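The file structure_22.txt comes next; it holds compact mmCIF, C-alpha atoms.
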# COMPACT_ATOMS: atom_id res chain seq x y z
CA PRO T 1 -44.94 238.46 -14.18
CA LEU T 2 -46.94 241.05 -16.13
CA ARG T 3 -46.00 239.27 -19.36
CA THR T 4 -47.44 235.83 -18.58
CA GLN T 5 -49.31 234.66 -21.68
CA ARG T 6 -52.78 233.20 -21.48
CA PHE T 7 -55.51 232.33 -23.92
CA LEU T 8 -58.55 233.98 -22.34
CA SER T 9 -61.90 232.24 -22.45
CA LEU T 10 -64.65 234.84 -22.25
CA ARG T 11 -67.32 232.20 -22.05
CA ALA T 12 -65.69 230.41 -19.12
CA SER T 13 -64.81 233.67 -17.38
CA ALA T 14 -68.37 234.89 -17.65
CA GLY T 15 -69.70 231.65 -16.19
CA ALA T 16 -67.30 231.76 -13.27
CA VAL T 17 -68.14 235.35 -12.44
CA ALA T 18 -71.86 234.69 -12.73
CA ALA T 19 -71.51 231.83 -10.26
CA GLU T 20 -69.47 233.93 -7.84
CA ALA T 21 -71.98 236.76 -8.08
CA SER T 22 -74.66 234.66 -6.35
CA VAL T 23 -74.47 236.12 -2.85
CA SER T 24 -73.69 233.54 -0.20
CA MET T 25 -74.81 235.85 2.59
CA GLY T 26 -78.49 234.99 2.36
CA ALA T 27 -79.74 238.28 3.72
CA ALA T 28 -77.68 240.22 1.19
CA LYS T 29 -80.03 239.07 -1.57
CA GLY T 30 -82.69 241.26 -0.03
CA ALA T 31 -80.27 244.15 0.22
CA ALA T 32 -79.65 243.95 -3.52
CA LYS T 33 -83.16 245.14 -4.24
CA GLY T 34 -82.93 248.50 -2.52
CA ALA T 35 -79.36 249.09 -1.47
CA ALA T 36 -77.81 252.41 -2.41
CA GLY T 37 -74.28 252.89 -3.68
CA ASP T 38 -71.94 251.06 -5.99
CA ARG T 39 -71.42 247.29 -6.05
CA PHE T 40 -68.23 245.44 -5.17
CA LEU T 41 -67.43 241.75 -5.60
CA VAL T 42 -65.51 239.86 -2.91
CA VAL T 43 -62.54 238.24 -4.68
CA HIS T 44 -60.62 237.03 -1.62
CA THR T 45 -61.54 233.95 0.43
CA ARG T 46 -63.37 236.21 2.85
CA VAL T 47 -63.41 239.84 3.94
CA VAL T 48 -64.08 241.46 7.28
CA PHE T 49 -66.67 244.17 7.94
CA ARG T 50 -65.25 246.59 10.51
CA LYS T 51 -66.82 249.25 12.66
CA ALA T 52 -64.45 251.91 11.33
CA PRO T 53 -62.01 252.21 8.37
CA SER T 54 -59.09 250.70 10.24
CA THR T 55 -57.63 247.20 10.31
CA THR T 56 -57.65 247.39 14.12
CA ALA T 57 -61.33 248.39 14.39
CA ASP T 58 -63.85 245.92 15.79
CA MET T 59 -65.13 243.24 13.41
CA VAL T 60 -68.90 243.35 12.93
CA SER T 61 -69.43 240.75 10.19
CA ILE T 62 -67.74 238.83 7.39
CA ALA T 63 -68.47 238.05 3.73
CA LYS T 64 -67.18 235.13 1.67
CA LYS T 65 -65.77 235.11 -1.85
CA GLY T 66 -68.48 235.77 -4.41
CA CYS T 67 -70.58 238.01 -2.18
CA ILE T 68 -71.70 241.38 -3.49
CA ILE T 69 -71.24 244.37 -1.21
CA PHE T 70 -73.12 247.64 -1.71
CA GLY T 71 -71.51 250.89 -0.67
CA THR T 72 -69.28 253.80 -1.63
CA GLN T 73 -65.53 253.82 -2.09
CA GLU T 74 -63.57 256.16 0.19
CA LEU T 75 -59.86 256.95 0.56
CA VAL T 76 -58.86 256.90 4.25
CA HIS T 77 -55.23 257.49 5.27
CA GLY T 78 -54.00 256.28 1.88
CA GLN T 79 -56.12 253.10 1.91
CA ARG T 80 -59.25 252.46 -0.14
CA TRP T 81 -62.24 251.31 1.86
CA VAL T 82 -65.87 250.65 1.00
CA GLN T 83 -68.36 252.19 3.37
CA VAL T 84 -71.19 249.66 3.34
CA SER T 85 -74.62 251.11 2.58
CA ALA T 86 -77.08 251.53 5.44
CA ALA T 87 -79.59 249.32 3.60
CA MET T 88 -77.12 246.43 3.40
CA CYS T 89 -76.05 246.89 7.03
CA LYS T 90 -79.69 246.61 8.04
CA GLU T 91 -80.28 243.50 5.92
CA VAL T 92 -77.27 241.62 7.27
CA GLY T 93 -77.98 242.66 10.86
CA ILE T 94 -75.08 244.99 11.59
CA VAL T 95 -75.93 246.89 14.76
CA GLY T 96 -75.56 250.63 14.37
CA GLY T 97 -75.81 250.53 10.60
CA VAL T 98 -72.11 251.33 10.04
CA ALA T 99 -69.50 249.03 8.47
CA TRP T 100 -66.36 249.34 6.40
CA VAL T 101 -64.53 246.83 4.21
CA LEU T 102 -60.93 247.18 3.03
CA MET T 103 -60.52 246.96 -0.77
CA HIS T 104 -56.89 245.83 -0.99
CA GLY T 105 -55.04 243.91 1.72
CA ALA T 106 -51.47 245.03 1.01
CA CYS T 107 -51.21 246.50 4.50
CA VAL T 108 -51.92 243.08 6.03
CA GLY T 109 -49.96 240.97 3.56
CA LEU T 110 -52.85 240.16 1.23
CA GLY T 111 -53.88 241.08 -2.32
CA ASP T 112 -57.19 242.29 -3.70
CA LEU T 113 -60.14 241.83 -1.38
CA LEU T 114 -62.86 243.61 -3.36
CA ARG T 115 -63.17 244.84 -6.91
CA PRO T 116 -65.76 247.11 -8.57
CA LEU T 117 -68.64 245.21 -10.17
CA HIS T 118 -70.51 246.42 -13.25
CA ASP T 119 -73.64 245.02 -14.84
CA GLU T 120 -72.36 244.51 -18.35
CA VAL T 121 -69.15 243.69 -20.19
CA GLU T 122 -69.87 246.78 -22.30
CA CYS T 123 -67.94 248.47 -19.50
CA LEU T 124 -64.27 247.84 -20.35
CA GLU T 125 -63.27 247.68 -16.69
CA GLU T 126 -65.71 244.82 -16.12
CA LEU T 127 -64.56 243.01 -19.26
CA LEU T 128 -60.88 243.31 -18.29
CA TRP T 129 -61.52 242.08 -14.74
CA ARG T 130 -63.37 239.03 -16.03
CA MET T 131 -60.72 238.28 -18.63
CA SER T 132 -57.93 238.54 -16.05
CA GLY T 133 -59.54 235.92 -13.82
CA GLU T 134 -59.99 238.53 -11.06
CA ARG T 135 -56.21 239.03 -10.78
CA GLY T 136 -56.16 242.65 -9.73
CA ASP T 137 -52.38 243.00 -9.51
CA ARG T 138 -52.21 242.39 -13.24
CA VAL T 139 -55.35 244.04 -14.51
CA ARG T 140 -55.46 247.19 -12.33
CA PRO T 141 -52.62 249.07 -14.11
CA LEU T 142 -54.13 248.14 -17.47
CA VAL T 143 -57.60 249.33 -16.43
CA ALA T 144 -56.13 252.63 -15.21
CA ALA T 145 -54.18 253.10 -18.45
CA VAL T 146 -57.23 252.43 -20.63
CA LEU T 147 -59.45 254.76 -18.60
CA GLU T 148 -56.84 257.52 -18.63
CA SER T 149 -56.87 257.24 -22.42
CA ASP T 150 -60.57 258.27 -22.36
CA VAL T 151 -61.79 254.82 -23.36
CA ARG T 152 -64.39 253.52 -20.91
CA THR T 153 -66.80 251.36 -22.86
CA ALA T 154 -66.61 248.79 -25.60
CA SER T 155 -68.27 251.30 -27.92
CA ASP T 156 -65.60 253.89 -27.04
CA LEU T 157 -62.89 251.38 -27.93
CA LEU T 158 -64.41 250.40 -31.27
CA LEU T 159 -64.85 254.07 -32.16
CA ALA T 160 -61.31 255.01 -31.10
CA ALA T 161 -59.80 252.04 -32.95
CA GLY T 162 -61.70 252.43 -36.20
CA SER T 163 -58.63 252.69 -38.41
CA ALA T 164 -55.06 251.41 -38.30
CA GLN T 165 -53.78 254.92 -37.60
CA ALA T 166 -56.30 255.43 -34.80
CA ARG T 167 -55.36 252.09 -33.24
CA GLU T 168 -51.67 253.01 -33.29
CA GLU T 169 -52.41 256.34 -31.60
CA LEU T 170 -54.54 254.70 -28.93
CA GLN T 171 -51.88 252.04 -28.41
CA ARG T 172 -49.30 254.76 -27.76
CA LYS T 173 -51.58 256.46 -25.23
CA VAL T 174 -52.27 253.23 -23.36
CA PHE T 175 -48.61 252.19 -23.49
CA ASP T 176 -47.43 255.54 -22.06
CA GLU T 177 -50.05 255.56 -19.31
CA ALA T 178 -49.25 251.97 -18.32
CA LEU T 179 -45.51 252.64 -18.36
CA GLU T 180 -45.96 255.44 -15.83
CA GLN T 181 -47.39 252.81 -13.49
CA GLY T 182 -44.54 250.38 -14.13
CA CYS T 183 -46.57 248.14 -16.41
CA HIS T 184 -45.39 247.10 -19.88
CA VAL T 185 -48.24 246.24 -22.22
CA PRO T 186 -47.93 244.16 -25.41
CA GLU T 187 -47.51 245.92 -28.74
CA GLN T 188 -50.79 244.57 -30.09
CA LEU T 189 -52.86 245.25 -26.97
CA VAL T 190 -55.43 247.51 -28.64
CA ASP T 191 -55.94 245.02 -31.48
CA GLY T 192 -56.39 242.30 -28.88
CA LEU T 193 -58.90 244.33 -26.87
CA LYS T 194 -60.84 245.14 -30.03
CA MET T 195 -61.13 241.44 -30.86
CA ALA T 196 -62.04 240.63 -27.25
CA VAL T 197 -64.84 243.20 -27.37
CA GLU T 198 -66.14 241.66 -30.60
CA ASP T 199 -66.00 238.20 -29.03
CA SER T 200 -67.69 239.37 -25.86
CA ARG T 201 -70.55 240.89 -27.81
CA MET T 202 -71.11 237.54 -29.50
CA ALA T 203 -70.75 235.60 -26.25
CA PHE T 204 -73.15 237.83 -24.30
CA GLY T 205 -75.35 239.04 -27.13
CA GLY T 206 -77.62 236.03 -27.61
CA PHE T 207 -75.71 234.00 -30.18
CA PRO T 208 -76.61 230.31 -29.79
CA GLN T 209 -72.99 229.11 -29.81
CA PRO T 210 -70.64 231.84 -28.56
CA PRO T 211 -66.92 231.38 -29.34
CA PRO T 212 -65.06 229.58 -26.54
CA GLN T 213 -61.97 231.77 -26.79
CA THR T 214 -60.76 235.15 -27.91
CA LYS T 215 -59.04 235.22 -31.27
CA VAL T 216 -55.70 236.46 -29.98
CA ARG T 217 -53.43 236.19 -26.97
CA LEU T 218 -53.55 238.96 -24.41
CA LEU T 219 -50.77 239.46 -21.88
CA PHE T 220 -51.73 240.07 -18.28
Could you express the structure from this file as structure tokens?
Amino acid sequence: PLRTQRFLSLRASAGAVAAEASVSMGAAKGAAKGAAGDRFLVVHTRVVFRKAPSTTADMVSIAKKGCIIFGTQELVHGQRWVQVSAAMCKEVGIVGGVAWVLMHGACVGLGDLLRPLHDEVECLEELLWRMSGERGDRVRPLVAAVLESDVRTASDLLLAAGSAQAREELQRKVFDEALEQGCHVPEQLVDGLKMAVEDSRMAFGGFPQPPPQTKVRLLF
């Protein structure tokens, strides 16, 4: 399944994510102005806010797909949870000001529930999430492999892939890191990412007619 081929439309992906990023919890729009912590996008149909980081804890609220949740990521008993910021809890009316949201629903038979959200596609993690169509099971190993190779931004990638020799070296690093996680990446992945970065900079950089597709196939 990790080798399914797709032509990736950066323009369409960006539009879809922008639409989803409009928070459907009305009060959460106010929270966005002063909430502390990182941001997470709801990618499942809906997620449950719980009183404690446990799937059996009392439910205190819900959020639908496309909502943005502010908080900090914590590892609790082997599961990743987001502890919702006090400011957001106050804005959405959560009594007590404490709420937790599970990031991945494997323990309850589900997939990704939340994913990290970044402001710009200059962040490679954000670009890869958008390009994957929010399919975390496919993009997560690739994101981890790229980050472990000390490439975090589009500028990092362009610098690290400046020559054919440099691209080959980076490809080996990413391939080895991904393989450790059971993920096989295509041989031309780094070349594909480089072209995707170039396309994304045109699509999001103010060009009047951004290209509708990347120049190459990427495998997710």
Pick from T:Glu198, T:Glu126, T:Glu177, T:Glu168 nearest to Asp150 in chain T, counting all atoms listed in the file: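 Using all atoms listed in the file, Asp150 in chain T sits closest to T:Glu177.
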Give the answer as one residue: which of T:Met88, T:Ile69, T:Met131, T:Leu158 has the shortest atom-to-atom distance to Val47 in chain T, using only C-alpha atoms?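 Checking each candidate against Val47 in chain T, we get T:Ile69 as the closest.
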Any idea what's packed within 10 Å of Met103 in chain T, counting all atoms listed in the file, ignoring anything in its chain fewer than 4 positions away? Could you give it as an MDAnalysis selection string? chainID T and resid 40:44 47 73:74 79:82 111:116
Atomic separation - CA of Lys194 in chain T relative to CA of Arg172 in chain T, Å: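 Atom-to-atom, CA of Arg172 in chain T and CA of Lys194 in chain T are spaced 15.2 Å apart.
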Could you tell me how far CA of Gln181 in chain T lies from CA of Arg140 in chain T, in Å and to one decimal?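 Interatomic distance, CA of Gln181 in chain T to CA of Arg140 in chain T: 9.9 Å.
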CA of Ala87 in chain T to CA of Arg39 in chain T, straight-line distance in Å: 12.8 Å
Residue with smallest distance to Trp100 in chain T - pool T:Val190, T:Ala161, T:Val84, T:Leu124, counting all atoms listed in the file: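 Checking each candidate against Trp100 in chain T, we get T:Val84 as the closest.
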Determine the nearest neighbour of Gly93 in chain T from the options T:Cys123, T:Leu110, T:Val76, T:Ile62, counting all atoms listed in the file.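 Ranked by minimum distance to Gly93 in chain T, first place goes to T:Ile62.
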Rank T:Leu117, T:Met59, T:Cys67, T:Val151 by their smallest atom-to-atom distance to Asp38 in chain T, using only C-alpha atoms, and report the top residue only.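 Of T:Leu117, T:Met59, T:Cys67, T:Val151, the one nearest Asp38 in chain T, counting only C-alpha atoms, is T:Leu117.
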For Gly78 in chain T, please output as a PyMOL selection string all residues within 12 Å (counting only C-alpha atoms; exclusion window: fewer than 5 positions along the same chain). chain T and resi 53-54+102-104+106-107
Of the candidates T:Ile94, T:Ala196, T:Leu142, T:Ile68, which one gets nearest to Leu127 in chain T if we count only C-alpha atoms?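 Smallest distance to Leu127 in chain T is found for T:Ala196.
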Give as a ChimeraX atom specification each residue that has an atom at most 12 Å from (-63.5, 251.1, -34.3) in the file, counting all atoms listed in the file. /T:151,153-167,170,190-191,193-195,197-198
Supply range 51-62 of chain T as a tab-separated table (two decimals), keeping the file's coordinate frame, with all heavy atoms built in where the input has gaps.
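Written file, out-v2.tsv:
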chain	number	residue	atom	x	y	z
T	51	LYS	N	-66.02	248.15	12.14
T	51	LYS	CA	-66.82	249.25	12.66
T	51	LYS	C	-66.33	250.60	12.17
T	51	LYS	O	-67.08	251.57	12.11
T	51	LYS	CB	-66.80	249.21	14.19
T	51	LYS	CG	-67.86	250.05	14.87
T	51	LYS	CD	-67.88	249.80	16.36
T	51	LYS	CE	-68.99	250.57	17.03
T	51	LYS	NZ	-69.04	250.29	18.51
T	52	ALA	N	-65.06	250.67	11.81
T	52	ALA	CA	-64.45	251.91	11.33
T	52	ALA	C	-63.42	251.54	10.26
T	52	ALA	O	-62.98	250.38	10.18
T	52	ALA	CB	-63.80	252.67	12.48
T	53	PRO	N	-63.00	252.50	9.44
T	53	PRO	CA	-62.01	252.21	8.37
T	53	PRO	C	-60.60	252.07	8.92
T	53	PRO	O	-59.72	252.89	8.65
T	53	PRO	CB	-62.16	253.42	7.44
T	53	PRO	CG	-62.58	254.53	8.33
T	53	PRO	CD	-63.49	253.89	9.35
T	54	SER	N	-60.39	251.00	9.66
T	54	SER	CA	-59.09	250.70	10.24
T	54	SER	C	-58.98	249.19	10.43
T	54	SER	O	-59.96	248.54	10.82
T	54	SER	CB	-58.92	251.40	11.59
T	54	SER	OG	-57.78	250.92	12.27
T	55	THR	N	-57.81	248.65	10.17
T	55	THR	CA	-57.63	247.20	10.31
T	55	THR	C	-57.63	246.77	11.78
T	55	THR	O	-57.67	245.57	12.06
T	55	THR	CB	-56.31	246.76	9.65
T	55	THR	OG1	-55.22	247.51	10.22
T	55	THR	CG2	-56.36	246.98	8.15
T	56	THR	N	-57.60	247.73	12.69
T	56	THR	CA	-57.65	247.39	14.12
T	56	THR	C	-59.04	247.63	14.71
T	56	THR	O	-59.25	247.37	15.89
T	56	THR	CB	-56.60	248.22	14.89
T	56	THR	OG1	-56.88	249.61	14.73
T	56	THR	CG2	-55.20	247.91	14.40
T	57	ALA	N	-59.97	248.13	13.90
T	57	ALA	CA	-61.33	248.39	14.39
T	57	ALA	C	-62.05	247.07	14.63
T	57	ALA	O	-61.70	246.03	14.07
T	57	ALA	CB	-62.10	249.25	13.39
T	58	ASP	N	-63.08	247.12	15.46
T	58	ASP	CA	-63.85	245.92	15.79
T	58	ASP	C	-64.49	245.29	14.55
T	58	ASP	O	-64.98	245.99	13.66
T	58	ASP	CB	-64.95	246.24	16.80
T	58	ASP	CG	-64.38	246.60	18.17
T	58	ASP	OD1	-63.21	246.28	18.42
T	58	ASP	OD2	-65.11	247.22	18.97
T	59	MET	N	-64.49	243.97	14.49
T	59	MET	CA	-65.13	243.24	13.41
T	59	MET	C	-66.62	243.11	13.72
T	59	MET	O	-67.00	242.74	14.83
T	59	MET	CB	-64.51	241.85	13.27
T	59	MET	CG	-65.08	241.03	12.13
T	59	MET	SD	-64.28	239.40	11.96
T	59	MET	CE	-64.94	238.57	13.42
T	60	VAL	N	-67.45	243.43	12.71
T	60	VAL	CA	-68.90	243.35	12.93
T	60	VAL	C	-69.57	242.29	12.07
T	60	VAL	O	-70.71	241.90	12.33
T	60	VAL	CB	-69.57	244.73	12.70
T	60	VAL	CG1	-69.11	245.73	13.74
T	60	VAL	CG2	-69.27	245.25	11.29
T	61	SER	N	-68.88	241.81	11.04
T	61	SER	CA	-69.43	240.75	10.19
T	61	SER	C	-68.35	240.30	9.22
T	61	SER	O	-67.25	240.86	9.20
T	61	SER	CB	-70.66	241.26	9.41
T	61	SER	OG	-71.28	240.19	8.72
T	62	ILE	N	-68.66	239.28	8.44
T	62	ILE	CA	-67.74	238.83	7.39
T	62	ILE	C	-68.54	238.52	6.13
T	62	ILE	O	-69.76	238.35	6.18
T	62	ILE	CB	-66.93	237.57	7.81
T	62	ILE	CG1	-67.87	236.39	8.04
T	62	ILE	CG2	-66.06	237.84	9.01
T	62	ILE	CD1	-67.14	235.06	8.20
